[in-house]
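Peer 1: Please see the structure below; I have some questions.
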Amino acid sequence: VKLVVLISGSGTNLQAIIEAIEKGLVHAEISAVISNRPDVRGLARARDQHIATEVIDHKQFTDRHRFDQALLEAIESYQPDLVILAGFMRILTDRFVTHFHGKMLNIHPSLLPKYKGLNTHARAIEAAESEHGCSVHFVNNELDSGAVIGQFKVPLRMNDTVETLSKRVQIAEHKLYPACIELLCQKRIQLTPEGVEHRGQLL
Ligand code: GRF
């Protein structure tokens, strides 16, 4: 199973996926890591592993459609089975999302459908939630709204700050994302018009 991973930043989820592949927990290979921002830590992580990297800098494009077209062509040149968004901070056009229907995943730091968008940890603390966590979902045309593949809950403690909570969620993300990718690699999951069809256990 061939993956192309899209990043915009530090790439800790990318690192978790690389390590899960090395340990034989995920039966896949990463064909390329593509970033919309140059010089980010995630690109260095990929290079350290001798994974092909590309930068498609959104600032070099006059509009979203041109950027998405260049990104789509770059991804397709690797003919991946799955496209993995791992901290990729650009909203994608409908055309792009439709092109990768059923094969593009995202990880989001909340228990969706709660807290779509940004600043999820601060909003969960503000709302005095008793639990928080992360979700892996198929990407559809609406932000953070595609069918959920898996979630990992963490407790929210009385004295939590954005920093302490985000660390706890990050640890959960690094377990959840590889597990969800492996479900797809083993074809134990698929996207149907009714949502995600699971066969077997997630974690
Ligand atoms: C993660 O919190 C993920 O949920 C969100 O962006 C962050 C990426 O972090 N979509 P990293 O680049 O993998 O370290």
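Ordering of the structure tokens sets the chain letters (A, B, ...), residue numbers begin anew at 1 in every chain, and ligands are numbered from 1 in the order given.
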Identify, counting only C-alpha atoms and all ligand atoms, the protein, DNA and RNA residues located within 8 Å of ligand 1, and give them as a VMD selection string.

Peer 2: chain A and resid 7 to 15 42 85 to 89 106 to 110 134 to 135 166 169 to 170 173

Peer 1: Please produce a file of those selected residues containing N, CA and C atoms, as a PDB file, in the first residue's frame.

Peer 2:
ATOM      1  N   ILE A   7       1.901  17.466   4.750  1.00  0.00           N
ATOM      2  CA  ILE A   7       2.163  18.126   6.030  1.00  0.00           C
ATOM      3  C   ILE A   7       2.284  19.640   5.824  1.00  0.00           C
ATOM      4  N   SER A   8       2.232  20.376   6.948  1.00  0.00           N
ATOM      5  CA  SER A   8       2.522  21.817   6.920  1.00  0.00           C
ATOM      6  C   SER A   8       3.487  22.208   8.022  1.00  0.00           C
ATOM      7  N   GLY A   9       3.864  21.242   8.881  1.00  0.00           N
ATOM      8  CA  GLY A   9       4.611  21.677  10.055  1.00  0.00           C
ATOM      9  C   GLY A   9       5.518  20.635  10.651  1.00  0.00           C
ATOM     10  N   SER A  10       5.336  20.406  11.959  1.00  0.00           N
ATOM     11  CA  SER A  10       6.342  19.654  12.710  1.00  0.00           C
ATOM     12  C   SER A  10       6.394  18.175  12.348  1.00  0.00           C
ATOM     13  N   GLY A  11       5.271  17.616  11.955  1.00  0.00           N
ATOM     14  CA  GLY A  11       5.306  16.242  11.450  1.00  0.00           C
ATOM     15  C   GLY A  11       5.471  15.163  12.502  1.00  0.00           C
ATOM     16  N   THR A  12       4.931  15.398  13.714  1.00  0.00           N
ATOM     17  CA  THR A  12       5.030  14.318  14.711  1.00  0.00           C
ATOM     18  C   THR A  12       4.136  13.139  14.338  1.00  0.00           C
ATOM     19  N   ASN A  13       3.008  13.413  13.705  1.00  0.00           N
ATOM     20  CA  ASN A  13       2.169  12.293  13.242  1.00  0.00           C
ATOM     21  C   ASN A  13       2.867  11.531  12.121  1.00  0.00           C
ATOM     22  N   LEU A  14       3.504  12.260  11.221  1.00  0.00           N
ATOM     23  CA  LEU A  14       4.307  11.613  10.178  1.00  0.00           C
ATOM     24  C   LEU A  14       5.330  10.679  10.815  1.00  0.00           C
ATOM     25  N   GLN A  15       6.014  11.186  11.861  1.00  0.00           N
ATOM     26  CA  GLN A  15       7.025  10.380  12.552  1.00  0.00           C
ATOM     27  C   GLN A  15       6.406   9.110  13.136  1.00  0.00           C
ATOM     28  N   GLY A  42       8.917  18.603   9.625  1.00  0.00           N
ATOM     29  CA  GLY A  42       8.435  17.347   9.043  1.00  0.00           C
ATOM     30  C   GLY A  42       9.198  16.945   7.786  1.00  0.00           C
ATOM     31  N   LEU A  85      -3.414  13.214   5.331  1.00  0.00           N
ATOM     32  CA  LEU A  85      -3.210  14.593   5.783  1.00  0.00           C
ATOM     33  C   LEU A  85      -2.751  14.539   7.243  1.00  0.00           C
ATOM     34  N   ALA A  86      -1.544  15.031   7.492  1.00  0.00           N
ATOM     35  CA  ALA A  86      -0.979  14.950   8.847  1.00  0.00           C
ATOM     36  C   ALA A  86      -0.518  16.345   9.253  1.00  0.00           C
ATOM     37  N   GLY A  87      -1.471  17.121   9.758  1.00  0.00           N
ATOM     38  CA  GLY A  87      -1.162  18.509  10.094  1.00  0.00           C
ATOM     39  C   GLY A  87      -1.009  19.356   8.846  1.00  0.00           C
ATOM     40  N   PHE A  88      -1.830  19.053   7.839  1.00  0.00           N
ATOM     41  CA  PHE A  88      -1.809  19.827   6.595  1.00  0.00           C
ATOM     42  C   PHE A  88      -2.844  20.940   6.742  1.00  0.00           C
ATOM     43  N   MET A  89      -2.364  22.190   6.764  1.00  0.00           N
ATOM     44  CA  MET A  89      -3.213  23.302   7.189  1.00  0.00           C
ATOM     45  C   MET A  89      -3.773  24.127   6.035  1.00  0.00           C
ATOM     46  N   ASN A 106      -7.746  12.375   7.286  1.00  0.00           N
ATOM     47  CA  ASN A 106      -7.236  13.490   8.080  1.00  0.00           C
ATOM     48  C   ASN A 106      -7.304  13.109   9.557  1.00  0.00           C
ATOM     49  N   ILE A 107      -6.425  13.717  10.356  1.00  0.00           N
ATOM     50  CA  ILE A 107      -6.543  13.574  11.817  1.00  0.00           C
ATOM     51  C   ILE A 107      -6.870  14.934  12.396  1.00  0.00           C
ATOM     52  N   HIS A 108      -7.812  14.931  13.311  1.00  0.00           N
ATOM     53  CA  HIS A 108      -8.285  16.187  13.893  1.00  0.00           C
ATOM     54  C   HIS A 108      -8.272  16.069  15.422  1.00  0.00           C
ATOM     55  N   PRO A 109      -7.775  17.122  16.113  1.00  0.00           N
ATOM     56  CA  PRO A 109      -7.639  17.016  17.567  1.00  0.00           C
ATOM     57  C   PRO A 109      -8.918  17.323  18.342  1.00  0.00           C
ATOM     58  N   SER A 110      -9.959  16.566  18.096  1.00  0.00           N
ATOM     59  CA  SER A 110     -11.168  16.639  18.919  1.00  0.00           C
ATOM     60  C   SER A 110     -11.972  15.369  18.687  1.00  0.00           C
ATOM     61  N   CYS A 134      -9.078  12.733  19.906  1.00  0.00           N
ATOM     62  CA  CYS A 134      -8.787  12.979  18.494  1.00  0.00           C
ATOM     63  C   CYS A 134      -9.576  12.014  17.629  1.00  0.00           C
ATOM     64  N   SER A 135      -9.710  12.374  16.363  1.00  0.00           N
ATOM     65  CA  SER A 135     -10.490  11.581  15.410  1.00  0.00           C
ATOM     66  C   SER A 135      -9.736  11.478  14.101  1.00  0.00           C
ATOM     67  N   SER A 166      -2.997  19.299  25.177  1.00  0.00           N
ATOM     68  CA  SER A 166      -2.570  18.998  23.808  1.00  0.00           C
ATOM     69  C   SER A 166      -1.502  17.909  23.797  1.00  0.00           C
ATOM     70  N   VAL A 169      -3.381  14.638  24.101  1.00  0.00           N
ATOM     71  CA  VAL A 169      -4.071  14.310  22.839  1.00  0.00           C
ATOM     72  C   VAL A 169      -3.053  13.868  21.780  1.00  0.00           C
ATOM     73  N   GLN A 170      -1.891  14.528  21.790  1.00  0.00           N
ATOM     74  CA  GLN A 170      -0.874  14.185  20.789  1.00  0.00           C
ATOM     75  C   GLN A 170      -0.427  12.716  20.931  1.00  0.00           C
ATOM     76  N   GLU A 173      -3.016  10.726  19.368  1.00  0.00           N
ATOM     77  CA  GLU A 173      -2.965  10.840  17.898  1.00  0.00           C
ATOM     78  C   GLU A 173      -1.955   9.871  17.316  1.00  0.00           C
TER      79      GLU A 173
END

Peer 1: Just want the 10 Å neighbourhood of Val97 in chain A, counted on only C-alpha atoms, with same-chain residues fewer than 4 positions away dropped. Output as a PyMOL selection string.

Peer 2: chain A and resi 68+72+91-93+101-104+138-142

Peer 1: Restricting the calculation to only C-alpha atoms, which member of A:Glu126, A:Asp39, A:Glu131, A:Glu182 is positioned closest to Thr53 in chain A?

Peer 2: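 Among A:Glu126, A:Asp39, A:Glu131, A:Glu182, it is A:Asp39 that comes nearest to Thr53 in chain A.
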
Peer 1: Name the residues of range 31-76 of chain A that come out as strand (DSSP E or B) in a backbone DSSP run; write them as a VMD selection string.

Peer 2: chain A and resid 31 to 35 52 to 55

Peer 1: Report, in Å to a single decimal, how far apart CA of Asp160 in chain A and CA of Ala172 in chain A are.

Peer 2: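 Distance reported for this atom pair: 16.1 Å.
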
Peer 1: Just the number, please: distance in Å from CA of Glu73 in chain A to CA of His137 in chain A, one decimal.

Peer 2: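 Computing it gives 23.1 Å between the two atoms.
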
Peer 1: May I have the residues within 10 Å of Ile34 in chain A as a list in words, using only C-alpha atoms and disregarding those fewer than 3 positions away in the same chain?

Peer 2: Val4, Val5, Leu6, Ile7, Ser8, Ser31, Arg37, Pro38, Gly42, Leu43, Ala46, Ala52, Thr53, Glu54, Val55, Ile56, Asp57, Leu71, Ala74, Ile75, Leu85 and Phe88 of chain A

Peer 1: Name the residues of range 1-137 of chain A that fall into helix (DSSP H, G or I) according to DSSP on the backbone, using the chain letters and numbers of this document, as number ranges by chain.

Peer 2: A: 12-22, 41-48, 58-60, 64-76, 94-99, 120-126

Peer 1: Rank nothing, just name the residue among A:Leu105, A:Ala70, A:Ala124, A:Ile17 nearest to Pro155 in chain A, using only C-alpha atoms.

Peer 2: A:Ala124

Peer 1: Name the residues in contact with range 191-199 of chain A at a cut-off of 6 Å, using only C-alpha atoms, excluding same-chain residues fewer than 2 positions from it; report them as an mmCIF file with C-alpha atoms, in the first residue's frame.

Peer 2:
data_model
loop_
_atom_site.group_PDB
_atom_site.id
_atom_site.type_symbol
_atom_site.label_atom_id
_atom_site.label_comp_id
_atom_site.auth_asym_id
_atom_site.auth_seq_id
_atom_site.Cartn_x
_atom_site.Cartn_y
_atom_site.Cartn_z
ATOM 1 C CA GLY A 102 -12.561 7.370 -0.155
ATOM 2 C CA ALA A 147 -17.049 9.874 7.988
ATOM 3 C CA ARG A 188 -10.944 -3.934 6.928
ATOM 4 C CA ILE A 189 -12.704 -0.675 6.364
#
